[in-house]
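Trainee: Supplied in structure tokens, the structure appears directly below.
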4 protein chains.
Amino acid sequence: MEREVNLGVIGLGRIGKLHVQNIMSQVTGVKLMGISDVLEEALQDTARKFSVSLAKQDYRYLLDKKQIDAVVICTSTDTHAKIISEAAQAGKHIFCEKPIAHDMSEIDKALKAVNESRVKFQIGFNRRFDPSFKKAKEMIKTGKIGEPHIVRVTSRDPAPPPMEYIKVSGGIFLDMMIHDFDMIRYLLDEDVKELIAVGSCLVNPEMSKYNDIDTAIVTFQYRNGAWGTIDNSRQAVYGYDQRIEIFGSEGCIKVGNKKPTEVFLSGTEDTRSDKPVYFFLERYNESYIEEIKHFIQCIKENKEPSVTGHDGKMAVVMGYAAKESLNKRKFVEIANDYTN
Amino acid sequence: MEREVNLGVIGLGRIGKLHVQNIMSQVTGVKLMGISDVLEEALQDTARKFSVSLAKQDYRYLLDKKQIDAVVICTSTDTHAKIISEAAQAGKHIFCEKPIAHDMSEIDKALKAVNESRVKFQIGFNRRFDPSFKKAKEMIKTGKIGEPHIVRVTSRDPAPPPMEYIKVSGGIFLDMMIHDFDMIRYLLDEDVKELIAVGSCLVNPEMSKYNDIDTAIVTFQYRNGAWGTIDNSRQAVYGYDQRIEIFGSEGCIKVGNKKPTEVFLSGTEDTRSDKPVYFFLERYNESYIEEIKHFIQCIKENKEPSVTGHDGKMAVVMGYAAKESLNKRKFVEIANDYTN
Amino acid sequence: MEREVNLGVIGLGRIGKLHVQNIMSQVTGVKLMGISDVLEEALQDTARKFSVSLAKQDYRYLLDKKQIDAVVICTSTDTHAKIISEAAQAGKHIFCEKPIAHDMSEIDKALKAVNESRVKFQIGFNRRFDPSFKKAKEMIKTGKIGEPHIVRVTSRDPAPPPMEYIKVSGGIFLDMMIHDFDMIRYLLDEDVKELIAVGSCLVNPEMSKYNDIDTAIVTFQYRNGAWGTIDNSRQAVYGYDQRIEIFGSEGCIKVGNKKPTEVFLSGTEDTRSDKPVYFFLERYNESYIEEIKHFIQCIKENKEPSVTGHDGKMAVVMGYAAKESLNKRKFVEIANDYTN
Amino acid sequence: MEREVNLGVIGLGRIGKLHVQNIMSQVTGVKLMGISDVLEEALQDTARKFSVSLAKQDYRYLLDKKQIDAVVICTSTDTHAKIISEAAQAGKHIFCEKPIAHDMSEIDKALKAVNESRVKFQIGFNRRFDPSFKKAKEMIKTGKIGEPHIVRVTSRDPAPPPMEYIKVSGGIFLDMMIHDFDMIRYLLDEDVKELIAVGSCLVNPEMSKYNDIDTAIVTFQYRNGAWGTIDNSRQAVYGYDQRIEIFGSEGCIKVGNKKPTEVFLSGTEDTRSDKPVYFFLERYNESYIEEIKHFIQCIKENKEPSVTGHDGKMAVVMGYAAKESLNKRKFVEIANDYTN
């Protein structure tokens, strides 16, 4: 595509607004043509700030608009699958926030619609576009650490979400560790063969009311034989803790946390430096820009996005496997014969 | 001011465009009302991208426009003083890139116009708004290191500018170390009493043709008795090297460089991590946003900007003092009885 | 005890010689009175170098020597239990290298002899005396991170031992992870409730001939509910990798590796620093001194050493549990009703 | 020399005792044959602890003893020159603590005696043997940073010595910065052409009573054109601060401080790590061992020690130059036509 890509953004919550801002200021070759949100106020605020003329509560106006090439779906999870299907049928390229859905059959239906329409489809696993994780992945791919042997992912939120959210979140494995499941597949370009999960409520016993836990460790083996662990906590008081380590036959890659400043204070007691940046908006701000750049580039160059619908599905599959493993206290295999 | 601040941006070179982009996406409570550049193409590009209706080659259109509250001056240095005076007379608040001018009498004339008009005036010493340096300054101010004894500033560019630029740059002290002169005044809220400069051409002997050097060290004493050094090089092959250290009676603050990623690779030979980010756009990206936010906030709250015209002048005074010291091989005092 | 403690060292291999050297130069209040080794040459070398008059191939000379207060046992593992029993019966205080034995009944027999004789007994889990790990433990104990939630131990050797050694080593869990089992008990002053082990041969498939593996991960839960993982590899090409992390409700402690120098080289490609020190003699040199100091202090002040025979036994119990878990692919409980 | 080197140690103060301990435990191929100290108690303590039979208050016993090959002189500075001359005349190889003397003619006399006797002579600039500084020097030598442009040395003591000591110390340049003067010559294998010194009493005004200062910065140029600064403070409350940086055409080497542990605590406020090790005994413990090893090796292999009498003299010459520069407030040249 020679000309600018005309975009519509559906859903103007926190992430939707972030995408709008990034599209306006950080991504070239793209025009924000329309926006949609069920809340009139969010809609008008954004329309005014960025001079967007097409602003509608009903997203179908955007799907009907011929000049719009692609949509970015940032609505609530339960609406993703439906909008994906409709957008695909309308021939729009689709960028959709994760997860596609919690229900496997809905996921399959949405992916089927995408496949039939042959539009570009990218799932918003933004962490793949984090400069640090991306560099780590490229180092692995180019053999800098030889054969990977052990992968370790640490992923801890600064504070747990409200109980209202926990109730509908799908549980720690589908809501939080889902990112890490995608990360481990991404890092090695390799699927997981089996996993075993442990965990309990150490942060807040109330979570157990909703059959959920707040502290979890999953140990897994890749199909190629490498091993790994993921640990999650809903509360790291020192801020968002997002680290990975890949240990291999020729070396080891460690990715540390991002800090707001590079200030060190040496005093009579100790040396003090910044704790990590607070949460995902700060840690992953670059990745939100890069994933949209990638989506636009794929449309322009007619290439498949590197984060596929299948990737979106597999992370959910692994989330359910972890849930099952926790309940049964044994290893659970990840099905081999999936189809996209 | 209750309503949005209406801004005009004059000069759309690299820094001008950066300010436009930041104003559009990162600063709230502001509206970009007009832009100006002598080059028609740069003008139209920016006008289109950000839907700016008032786009003129002659900046005086912006000064005449009643609705415009303030201007951001990003033209070439030799035009700063003139535009400042005109903008002040037109009653516009002024944000001007550094330096005000190389000629001291021009600086005085421009500052006089500003004082008489009583508009807000902020000089673009953006490094003061760098999160790391700002945190360091606040730590000093709140007594975290007691009485400062030694300040050390390292400031090295990744690569020297072309000789064409060197020729008209004013020399290393006015073009490059000027930032560091401002930084040392900022850090301690204290003026320099005297300084002594050394240096030579170690990067490129050609610089001497233009009576310039590429490697310089200035040793100085503050009026309060504390000591310090600044070292500059026009070429650090590993990237932009911007560090400061403030050593005091109760501790020491060190500010290190910013890195693009937090990846560490341990191999058979060593552990490798990123070199610093390439240059000022990467290192100081946040500071360019923060300085404009500060300017807008000062207009809205009717407060004086923290980087004054006097600050702009003093850095130039110190640049000339360093030049004189280098030539005479002796200490040069910084005049005590300056007036704004 | 007012006077100097008279020591005998039994076994002058690598560790025995190290203890002799440390006793001579780093520990005060102690006198090396006798040494013993089955190899005449090692014996005479050490005797000459440190002017030790009592040097005998048969360690029983030392046990018979009335003036000797305590012995340090550094012979091969299969002789530990026997010498412990004899030394206890001779009324000598005992410092013994780990492990006590591989056979549980031998361990029990040796510990029984110790208990009956009421001599001081310290097992050589030197890592407990590593300044970094010790500081971490004290921080946990004094509540610096609140309630511990997740403990992670990484322990990787720079290179695998020869196959000759693997054959008789007892396997990775009893030979290598045994240190980490002790470490996790030490850190939280808490026993493990159950564990699950995974692993395989990723470094060298030959290990499987001896029914051993070279890469292992154990996930465990403490009796107090906290979770943890240990990962081991027989080969980290970048050197000895010995890190721990303890994550809790109020913070997180990380212990990194020791490096030989603090040199950083910034170049056009990256910044390079030292890989970790090579192996245990370099990493744990201070801990070998501190454990002997502790032993001597306990004798002088008539206190129980902080690393007990029970600790020595529990690490072996856990090693066997991990072995069983790996074979059965399920959780294995650590017996609750042990007696010392 | 095939056999062990027989050593005598003269002076058993803090440094003398440290050398004795290192000789006994860390250096091979050497035998401590005799010791001497004017204080009977120190003498007997050391004799007993290390079973040294020849222990005399008068060092001349050691010089007369034919079997003694070499002496280590650790007495007070004012006795160095005299003992050096006598030892040289007695044909003993000499390791002498720095400085040789404060009086230039005494230095020349001592070095003349050494030259005439052709014994090995090594001055105790131990920092040259610090693993970090040594690695930095080797990196420079092998071209890792291309041509050096700027050298920066930071050297700050944790606490000032008592006023009693200040009185007789020779002043900050001869007592403290003398180490740094040697360091900058060592790093580049290059002499200094001229220097300019600034400084004052910021730590304790009382020092001025003795015509001394506690905070000093020296800026200098090497004969090859490279520039540098040294900053000294008598008091860094966070511990011994010993850092160097060498910036060159192809990169930059930084040497940081040594820390007692590698523990990091992330909390709600910040991340805390260890301050540097307390003082020179902790920071330079390895260098004290390495310098003696080097001395012994030079005797055995009949090579000249790498730290010569000339090096010892030049550091004193620079100390006097700095003193003069401070007083006259101008550049002082370092004489070119020195002879050894």
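Quick note on naming: the chains in the structure tokens go A, B, ... in the order shown, residues restart at 1 in each chain, and ligands are numbered from 1 in order of appearance.
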Taking the DSSP secondary structure from the backbone, can you list the residues of region 70-255 of chain D that are alpha helix (DSSP H), as a PyMOL selection string?

Mentor: chain D and resi 77-89+104-117+131-141+163-168+172-175+177-188

Trainee: I want to know what sits within 12 Å of Glu286 (chain D), based on only C-alpha atoms, with residues of the same chain fewer than 6 positions away left out; could you give that as a list in words?

Mentor: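 Everything that qualifies: Pro260 and Thr261 of chain C; Leu18, His19, Asn22, Gln26, Val27, Asn126, Arg127, Arg128, Phe129, Asp130, Pro131, Ser132, Phe133, Lys134, Lys258, Phe280, Ile292 and Lys293 of chain D.
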
Trainee: List the neighbours of region 57-64 of chain A out to 10 Å using only C-alpha atoms; skip same-chain residues closer than 2 positions along the sequence, and give me the result as a ChimeraX atom specification.

Mentor: /A:7-11,33-40,42-44,54-55,66-71,73,83,86-92

Trainee: Give the residues of chain C that lie within 9 Å of chain A; count only C-alpha atoms, and format the answer as a PyMOL selection string.

Mentor: chain C and resi 147+149-150+198-200+202-203+215-221+225-229+231+233+235-238+247-252+329-331

Trainee: Write out as a ChimeraX atom specification the residues lying within 10 Å of His179 (chain C), counting only C-alpha atoms and excluding same-chain residues fewer than 6 positions away.

Mentor: /C:98-99,125-128,155,173,312,315-316,319

Trainee: For Gly146 (chain D), which residue among D:Met183, D:Val307, D:Met1, D:Leu188 is the nearest when counting only C-alpha atoms?

Mentor: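 Of all the options, D:Leu188 lies closest to Gly146 (chain D).
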
Trainee: What does the distance between CA of Leu265 (chain D) and CA of Ile253 (chain C) come to in Å, to one decimal place?

Mentor: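 These atoms are spaced 4.6 Å apart.
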